[in-house]
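> This is query-v8.txt (compact mmCIF, C-alpha atoms).
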# COMPACT_ATOMS: atom_id res chain seq x y z
CA MET D 640 4.11 13.38 26.28
CA ARG D 641 0.98 12.49 24.37
CA ASP D 642 0.92 9.30 22.35
CA ALA D 643 1.19 9.64 18.58
CA SER D 644 -2.02 8.36 17.04
CA ILE D 645 -3.95 8.09 13.80
CA THR D 646 -7.47 6.99 12.86
CA LEU D 647 -8.21 5.63 9.40
CA LEU D 648 -11.35 4.51 7.61
CA ALA D 649 -11.15 1.01 6.14
CA PRO D 650 -13.76 0.84 3.36
CA ALA D 651 -15.72 -2.21 2.33
CA LYS D 652 -15.50 -3.39 -1.28
CA ILE D 653 -17.82 -5.03 -3.71
CA ASN D 654 -16.98 -7.21 -6.69
CA ILE D 655 -18.91 -5.75 -9.60
CA SER D 656 -17.67 -8.67 -11.68
CA LEU D 657 -15.76 -11.80 -10.68
CA GLU D 658 -14.42 -14.21 -13.30
CA LEU D 659 -12.48 -17.37 -12.43
CA SER D 660 -10.27 -19.14 -14.95
CA GLY D 661 -8.76 -22.04 -13.07
CA LYS D 662 -6.41 -22.94 -10.27
CA ARG D 663 -2.79 -21.81 -10.29
CA ALA D 664 0.32 -23.81 -9.41
CA ASP D 665 0.55 -21.91 -6.09
CA GLY D 666 -2.92 -23.13 -5.06
CA TYR D 667 -4.66 -19.80 -5.63
CA HIS D 668 -7.16 -19.15 -8.41
CA GLU D 669 -6.61 -16.95 -11.44
CA VAL D 670 -9.18 -14.18 -11.20
CA LYS D 671 -10.27 -11.13 -13.12
CA THR D 672 -12.46 -8.88 -11.03
CA LEU D 673 -13.70 -5.31 -11.07
CA MET D 674 -13.74 -4.11 -7.47
CA ALA D 675 -14.92 -0.85 -5.98
CA PRO D 676 -14.45 0.59 -2.47
CA LEU D 677 -17.63 1.71 -0.72
CA THR D 678 -18.65 4.50 1.61
CA LEU D 679 -19.40 1.77 4.20
CA ALA D 680 -16.25 1.47 6.32
CA ASP D 681 -14.64 0.16 9.50
CA GLU D 682 -12.58 2.50 11.65
CA VAL D 683 -9.00 1.65 12.68
CA SER D 684 -7.33 3.69 15.44
CA ILE D 685 -3.59 3.20 16.06
CA SER D 686 -1.45 4.73 18.82
CA ILE D 687 2.25 4.51 19.60
CA ALA D 688 2.82 4.30 23.33
CA ARG D 689 5.75 6.28 24.70
CA GLY D 690 8.39 4.42 26.68
CA ASP D 691 8.96 0.69 26.82
CA SER D 692 6.43 -2.07 27.29
CA LYS D 693 6.53 -5.85 27.40
CA ASP D 694 3.33 -5.91 25.35
CA ARG D 695 4.33 -4.84 21.84
CA LEU D 696 0.71 -4.87 20.68
CA THR D 697 -2.56 -4.24 22.46
CA PHE D 698 -5.42 -5.03 20.09
CA THR D 699 -9.08 -4.41 20.89
CA CYS D 700 -12.26 -4.59 18.84
CA ASP D 701 -15.89 -3.67 19.51
CA ASP D 702 -17.04 -6.92 17.87
CA GLU D 703 -16.74 -9.63 20.50
CA THR D 704 -17.15 -12.40 17.91
CA LEU D 705 -13.81 -11.63 16.26
CA PRO D 706 -10.55 -13.17 17.49
CA LYS D 707 -8.14 -10.81 19.24
CA ASP D 708 -5.03 -12.98 18.83
CA ALA D 709 -2.84 -14.00 15.87
CA ASP D 710 -5.91 -15.30 14.05
CA ASN D 711 -6.97 -11.69 13.49
CA ILE D 712 -5.58 -10.19 10.28
CA CYS D 713 -4.94 -6.82 11.99
CA VAL D 714 -2.61 -8.56 14.44
CA GLN D 715 -0.94 -10.34 11.52
CA ALA D 716 -0.49 -6.99 9.73
CA PHE D 717 1.22 -5.52 12.81
CA HIS D 718 3.65 -8.43 12.99
CA VAL D 719 4.63 -8.40 9.31
CA PHE D 720 5.20 -4.63 9.55
CA GLN D 721 7.32 -5.09 12.68
CA GLN D 722 9.37 -7.85 11.05
CA ALA D 723 9.91 -5.82 7.88
CA THR D 724 11.01 -2.64 9.67
CA GLY D 725 12.56 -3.86 12.92
CA ILE D 726 10.49 -1.27 14.78
CA THR D 727 9.65 -2.50 18.28
CA ALA D 728 7.78 0.43 19.84
CA PRO D 729 4.61 -0.70 21.65
CA VAL D 730 1.42 -0.07 19.69
CA THR D 731 -2.29 -0.01 20.53
CA ILE D 732 -4.83 -0.79 17.80
CA HIS D 733 -8.60 -0.47 18.20
CA LEU D 734 -10.93 -1.70 15.48
CA ARG D 735 -14.51 -0.46 15.25
CA LYS D 736 -16.48 -2.79 12.97
CA ASN D 737 -19.25 -1.66 10.65
CA ILE D 738 -18.57 -4.24 7.92
CA PRO D 739 -19.83 -7.73 8.79
CA HIS D 740 -17.34 -10.57 8.50
CA GLY D 741 -17.83 -13.58 6.25
CA ALA D 742 -19.71 -11.22 3.97
CA GLY D 743 -17.65 -11.01 0.77
CA LEU D 744 -17.11 -7.30 1.46
CA GLY D 745 -13.37 -7.45 2.20
CA GLY D 746 -13.64 -6.02 5.71
CA GLY D 747 -10.68 -7.97 7.12
CA SER D 748 -8.44 -7.21 4.13
CA SER D 749 -9.33 -3.52 4.31
CA ASP D 750 -8.60 -3.44 8.06
CA ALA D 751 -5.19 -5.02 7.41
CA ALA D 752 -4.36 -2.45 4.73
CA ALA D 753 -5.35 0.34 7.12
CA VAL D 754 -3.09 -1.09 9.84
CA LEU D 755 -0.11 -1.25 7.45
CA SER D 756 -0.77 2.24 6.12
CA GLY D 757 -1.37 3.72 9.57
CA LEU D 758 1.76 2.18 11.09
CA ASN D 759 3.84 3.37 8.17
CA THR D 760 2.54 6.93 8.60
CA LEU D 761 3.04 6.97 12.36
CA PHE D 762 6.63 5.72 12.03
CA LYS D 763 7.53 8.33 9.36
CA ASN D 764 7.23 6.09 6.28
CA PRO D 765 10.03 3.51 6.67
CA LEU D 766 8.47 1.47 3.82
CA THR D 767 7.78 2.50 0.25
CA ARG D 768 4.43 1.89 -1.41
CA PRO D 769 5.77 -1.18 -3.32
CA GLN D 770 7.15 -2.59 -0.05
CA LEU D 771 3.79 -2.10 1.66
CA GLU D 772 2.07 -3.88 -1.21
CA GLU D 773 4.51 -6.80 -0.87
CA LEU D 774 3.55 -7.12 2.79
CA ALA D 775 -0.12 -6.84 1.85
CA ALA D 776 0.22 -9.76 -0.57
CA LEU D 777 1.52 -11.90 2.31
CA LEU D 778 -1.67 -11.25 4.24
CA GLY D 779 -4.27 -11.87 1.54
CA SER D 780 -4.98 -11.70 -2.16
CA ASP D 781 -7.05 -8.52 -2.10
CA VAL D 782 -5.30 -6.55 0.68
CA SER D 783 -3.24 -4.56 -1.86
CA PHE D 784 -6.44 -3.32 -3.53
CA PHE D 785 -7.30 -1.22 -0.49
CA PHE D 786 -4.24 1.00 -0.95
CA GLN D 787 -5.81 2.25 -4.19
CA LYS D 788 -8.80 4.04 -2.64
CA ALA D 789 -10.45 3.79 -6.05
CA PRO D 790 -12.17 1.22 -8.30
CA ALA D 791 -9.75 -1.14 -10.03
CA TRP D 792 -9.42 -4.25 -12.14
CA CYS D 793 -7.61 -6.92 -10.15
CA GLY D 794 -5.94 -9.91 -11.78
CA GLY D 795 -3.57 -12.76 -10.98
CA ARG D 796 -4.71 -14.01 -7.58
CA GLY D 797 -6.00 -10.48 -6.94
CA GLU D 798 -2.70 -8.67 -6.41
CA LYS D 799 -2.28 -7.28 -9.96
CA ILE D 800 -4.09 -3.97 -9.98
CA LEU D 801 -5.12 -1.61 -12.77
CA LYS D 802 -7.03 1.51 -11.76
CA VAL D 803 -10.33 2.36 -13.42
CA ALA D 804 -10.83 5.97 -14.48
CA THR D 805 -14.34 6.24 -13.08
CA LEU D 806 -17.55 4.36 -12.35
CA PRO D 807 -21.15 5.58 -12.52
CA SER D 808 -22.52 7.18 -9.35
CA TRP D 809 -24.44 4.04 -8.46
CA LYS D 810 -26.48 3.55 -5.29
CA PHE D 811 -26.38 0.15 -3.59
CA LEU D 812 -28.50 -1.71 -1.10
CA LEU D 813 -26.50 -4.40 0.74
CA MET D 814 -28.05 -7.37 2.53
CA LYS D 815 -26.38 -10.17 4.47
CA PRO D 816 -28.21 -13.12 6.08
CA PRO D 817 -27.08 -14.20 9.57
CA PHE D 818 -24.37 -16.51 8.24
CA GLY D 819 -21.08 -16.07 6.42
CA VAL D 820 -19.50 -18.04 3.62
CA GLU D 821 -15.93 -19.25 3.99
CA THR D 822 -13.91 -18.07 0.99
CA VAL D 823 -11.74 -21.20 0.78
CA TRP D 824 -14.85 -23.40 0.80
CA ALA D 825 -16.49 -21.40 -2.00
CA TYR D 826 -13.47 -21.73 -4.27
CA ARG D 827 -13.21 -25.46 -3.54
CA GLN D 828 -16.85 -25.88 -4.51
CA TRP D 829 -16.17 -24.06 -7.76
CA ASP D 830 -13.27 -26.46 -8.39
CA ALA D 831 -15.37 -29.52 -7.61
CA LYS D 832 -17.57 -29.49 -10.73
CA LYS D 833 -18.25 -27.69 -13.98
CA TRP D 834 -20.83 -24.99 -13.32
CA SER D 835 -22.96 -23.25 -15.91
CA PRO D 836 -21.56 -19.87 -17.03
CA SER D 837 -22.63 -16.94 -14.88
CA ARG D 838 -25.43 -14.80 -16.26
CA ARG D 839 -24.04 -11.39 -17.14
CA VAL D 840 -26.04 -8.19 -16.95
CA ASP D 841 -24.64 -5.16 -18.81
CA ILE D 842 -25.39 -1.84 -17.11
CA GLU D 843 -23.89 1.32 -18.63
CA LYS D 844 -21.45 -0.87 -20.60
CA ILE D 845 -20.24 -2.60 -17.41
CA ALA D 846 -20.74 -6.36 -17.08
CA ILE D 847 -22.10 -7.42 -13.68
CA PHE D 848 -21.67 -11.10 -12.73
CA ASN D 849 -20.04 -13.45 -10.22
CA ASP D 850 -18.73 -16.93 -11.08
CA LEU D 851 -18.97 -17.96 -7.41
CA GLU D 852 -22.73 -17.49 -7.29
CA ALA D 853 -23.50 -20.95 -8.70
CA PRO D 854 -21.52 -23.03 -6.14
CA VAL D 855 -22.55 -20.81 -3.21
CA PHE D 856 -26.21 -20.69 -4.26
CA ASP D 857 -26.17 -24.49 -4.58
CA LYS D 858 -25.76 -24.79 -0.79
CA TYR D 859 -27.19 -21.56 0.61
CA LEU D 860 -30.65 -21.70 -0.95
CA ILE D 861 -31.86 -18.45 0.60
CA LEU D 862 -29.42 -16.46 -1.55
CA PRO D 863 -30.90 -17.21 -4.99
CA VAL D 864 -34.37 -16.64 -3.52
CA LEU D 865 -33.22 -13.26 -2.17
CA LYS D 866 -31.68 -12.40 -5.55
CA GLU D 867 -34.89 -13.25 -7.40
CA TRP D 868 -36.98 -11.28 -4.88
CA LEU D 869 -34.76 -8.24 -5.34
CA THR D 870 -34.86 -8.32 -9.13
CA GLN D 871 -38.67 -8.19 -8.97
CA ARG D 872 -38.62 -4.95 -6.99
CA PRO D 873 -39.34 -1.75 -8.96
CA GLU D 874 -36.49 0.08 -7.16
CA VAL D 875 -33.86 -2.46 -8.27
CA ILE D 876 -32.00 -2.54 -11.60
CA THR D 877 -30.20 -5.83 -10.91
CA ALA D 878 -28.88 -7.89 -7.99
CA TRP D 879 -25.88 -10.14 -7.45
CA MET D 880 -23.54 -11.59 -4.80
CA SER D 881 -20.29 -9.92 -3.76
CA GLY D 882 -17.14 -12.03 -3.61
CA SER D 883 -17.74 -15.41 -2.01
CA GLY D 884 -20.83 -14.07 -0.23
CA SER D 885 -22.99 -14.04 1.69
CA THR D 886 -23.78 -10.38 0.97
CA MET D 887 -26.22 -9.67 -1.84
CA ILE D 888 -26.06 -6.32 -3.65
CA ALA D 889 -28.99 -4.50 -5.22
CA LEU D 890 -28.21 -1.75 -7.71
CA LEU D 891 -30.91 0.88 -7.31
CA HIS D 892 -32.46 3.13 -9.94
CA GLN D 893 -32.11 6.16 -7.70
CA GLU D 894 -31.66 7.36 -4.14
CA LEU D 895 -34.62 6.15 -2.09
CA THR D 896 -36.63 8.40 0.20
CA SER D 897 -36.82 7.58 3.90
CA ASP D 898 -40.32 6.16 3.39
CA GLN D 899 -39.11 3.97 0.50
CA ASN D 900 -36.15 2.76 2.56
CA GLN D 901 -38.47 1.89 5.44
CA GLU D 902 -40.86 0.05 3.14
CA ILE D 903 -38.16 -2.10 1.52
CA ASP D 904 -36.49 -2.80 4.89
CA THR D 905 -39.80 -3.93 6.34
CA ALA D 906 -40.51 -6.13 3.32
CA LEU D 907 -37.02 -7.67 3.46
CA MET D 908 -37.27 -8.55 7.14
CA LYS D 909 -40.81 -9.88 6.73
CA ASN D 910 -39.69 -12.21 3.93
CA PHE D 911 -36.14 -13.09 5.07
CA GLY D 912 -36.07 -12.57 8.82
CA GLU D 913 -35.30 -9.76 11.22
CA SER D 914 -31.70 -10.92 11.57
CA LEU D 915 -30.97 -9.77 8.00
CA TRP D 916 -28.22 -7.11 8.00
CA ILE D 917 -29.09 -4.19 5.70
CA ALA D 918 -26.96 -1.22 4.69
CA ARG D 919 -26.78 1.48 2.02
CA ALA D 920 -23.61 2.58 0.26
CA ARG D 921 -22.11 4.26 -2.77
CA VAL D 922 -18.79 3.85 -4.51
CA HIS D 923 -16.19 5.70 -2.45
CA ALA D 924 -14.96 8.63 -4.54
Written as structure tokens, that's how I'd like the structure from this file.


Amino acid sequence: MRDASITLLAPAKINISLELSGKRADGYHEVKTLMAPLTLADEVSISIARGDSKDRLTFTCDDETLPKDADNICVQAFHVFQQATGITAPVTIHLRKNIPHGAGLGGGSSDAAAVLSGLNTLFKNPLTRPQLEELAALLGSDVSFFFQKAPAWCGGRGEKILKVATLPSWKFLLMKPPFGVETVWAYRQWDAKKWSPSRRVDIEKIAIFNDLEAPVFDKYLILPVLKEWLTQRPEVITAWMSGSGSTMIALLHQELTSDQNQEIDTALMKNFGESLWIARARVHA
């Protein structure tokens, strides 16, 4: 008998705005953020093996730099699902990465949401949507967002979600230097001193800003230079950092031609190094 299997896309996200208002009693930060899923996505393939196996989970990934053990959030998602349902059938999960990690693009959280959703589908929906979201909250503050498949305001520590009716059909250019920023570190830096208020740019009545830019830019000096460089480009409306970084986002005036894309890519790598990761994306509709 063939194995039951499913393949899901796990979209990246960007924070269009990110406002912090202090640390909570539980150690997390109170946030208000407008997030949007992107057309850029990882791919999560899950199979249920027939018969019995001593190995309840076989997890593989095409990115050799990621852990394959309990430090990986996909593995953690499998275990919380197994504990919640009591299901012990052996499972194989393969993750194909397109979203860089340490990027502020929510790749790990999105992968975890895809694992929970895929397992629930394969095992005939033993958990309700609210139960899945409870498990998601155990794994990370923004994992629940990725069940929405739509832009949303997220509050609390990120788990309180209010859908947004629509967003403009914006085009984004994403750039990540060859380093990540640890989320916990970024929030600690924000706690450590009083930073100047984030500069807000209003585009089509939507405020674009990120309160974590100041503490992250204070250490990673290439990021404010990259932001300034982008804002001087004629193709770019505005630029900002997503989440805790290190990805910078450029909002473009319009879809670029292949020649324009090549020209800006060449200029970016000339000025910021050939190891710069560059991608294009839209809001996932």

> Could you state the separation of atom CA of Gln828 of chain D and atom CA of Asp850 of chain D in Å, given to one decimal place?

11.3 Å

> Could you name the residues that touch Ile903 of chain D at 12 Å or less, counting only C-alpha atoms, but leaving out those on the same chain fewer than 6 positions away, as JSON, numbers by chain?

{"D": [812, 813, 814, 868, 869, 872, 873, 874, 875, 889, 891, 895, 896, 897, 909, 910, 911, 917, 918, 919]}

> Which residue gives the smallest distance to Thr760 of chain D among D:Ile685, D:Ala853, D:Ile655, D:Leu696, with only C-alpha atoms counted?

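Result for the nearest residue to Thr760 of chain D: D:Ile685.
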
> Find the distance between atom CA of Glu682 of chain D and atom CA of Met908 of chain D and write it in Å to one decimal.

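Between atom CA of Glu682 of chain D and atom CA of Met908 of chain D the gap is 27.4 Å.
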
> What separation in Å, quoted to one decimal, exists between atom CA of Thr877 of chain D and atom CA of Val840 of chain D?

7.7 Å

> Within 7 Å of (-21.5, 1.9, 2.5) in the file's own coordinates, which protein, DNA or RNA residues have an atom, counting all atoms listed in the file? List them as number ranges by chain.

D: 677-680, 918-921

> Write out as CSV the residues of segment 822-903 of chain D that have any atom within 12 Å of an atom of segment 659-662 of chain D, one row each with the nearest atom pair and its distance in Å to one decimal, counting all atoms listed in the file, sorted by chain and then rising number.


residue,atom,partner,partner_atom,distance
D:Ala825,CA,D:Leu659,CA,11.9
D:Tyr826,CA,D:Leu659,CA,9.3
D:Arg827,CA,D:Lys662,CA,9.9
D:Trp829,CA,D:Leu659,CA,9.0
D:Asp830,CA,D:Gly661,CA,7.9
D:Ala831,CA,D:Gly661,CA,11.4
D:Lys832,CA,D:Gly661,CA,11.8
D:Lys833,CA,D:Gly661,CA,11.1
D:Trp834,CA,D:Leu659,CA,11.3
D:Pro836,CA,D:Leu659,CA,10.5
D:Ser837,CA,D:Leu659,CA,10.5
D:Phe848,CA,D:Leu659,CA,11.1
D:Asn849,CA,D:Leu659,CA,8.8
D:Asp850,CA,D:Leu659,CA,6.4
D:Leu851,CA,D:Leu659,CA,8.2
D:Glu852,CA,D:Leu659,CA,11.5
D:Gly882,CA,D:Leu659,CA,11.3
D:Ser883,CA,D:Leu659,CA,11.8

> Residues within 8 Å of Thr724 of chain D, please, as a list in words. Count only C-alpha atoms; anything in the same chain fewer than 2 positions from it doesn't count.

Phe720, Gln721, Gln722, Ile726, Pro765 and Leu766 of chain D

> Pick from D:Ser914, D:Ser644, D:Ala752, D:Lys671: nearest to Ala791 of chain D, with all atoms listed in the file counted?

D:Lys671

> For Trp792 of chain D, work out the shell of residues within 10 Å, counting all atoms listed in the file and skipping chain neighbours fewer than 2 positions away, then give it as a VMD selection string.

chain D and resid 654 to 657 670 to 675 784 790 794 797 to 803

> Taking all atoms of segment 651-665 of chain D that appear in the file, build a box with edges along x, y and z, extend it by 8 Å on every side, and state its centre and edge lengths in Å to one decimal, as lines of an AutoDock Vina configuration file.


center_x = -9.2
center_y = -13.0
center_z = -6.3
size_x = 35.5
size_y = 37.6
size_z = 33.3
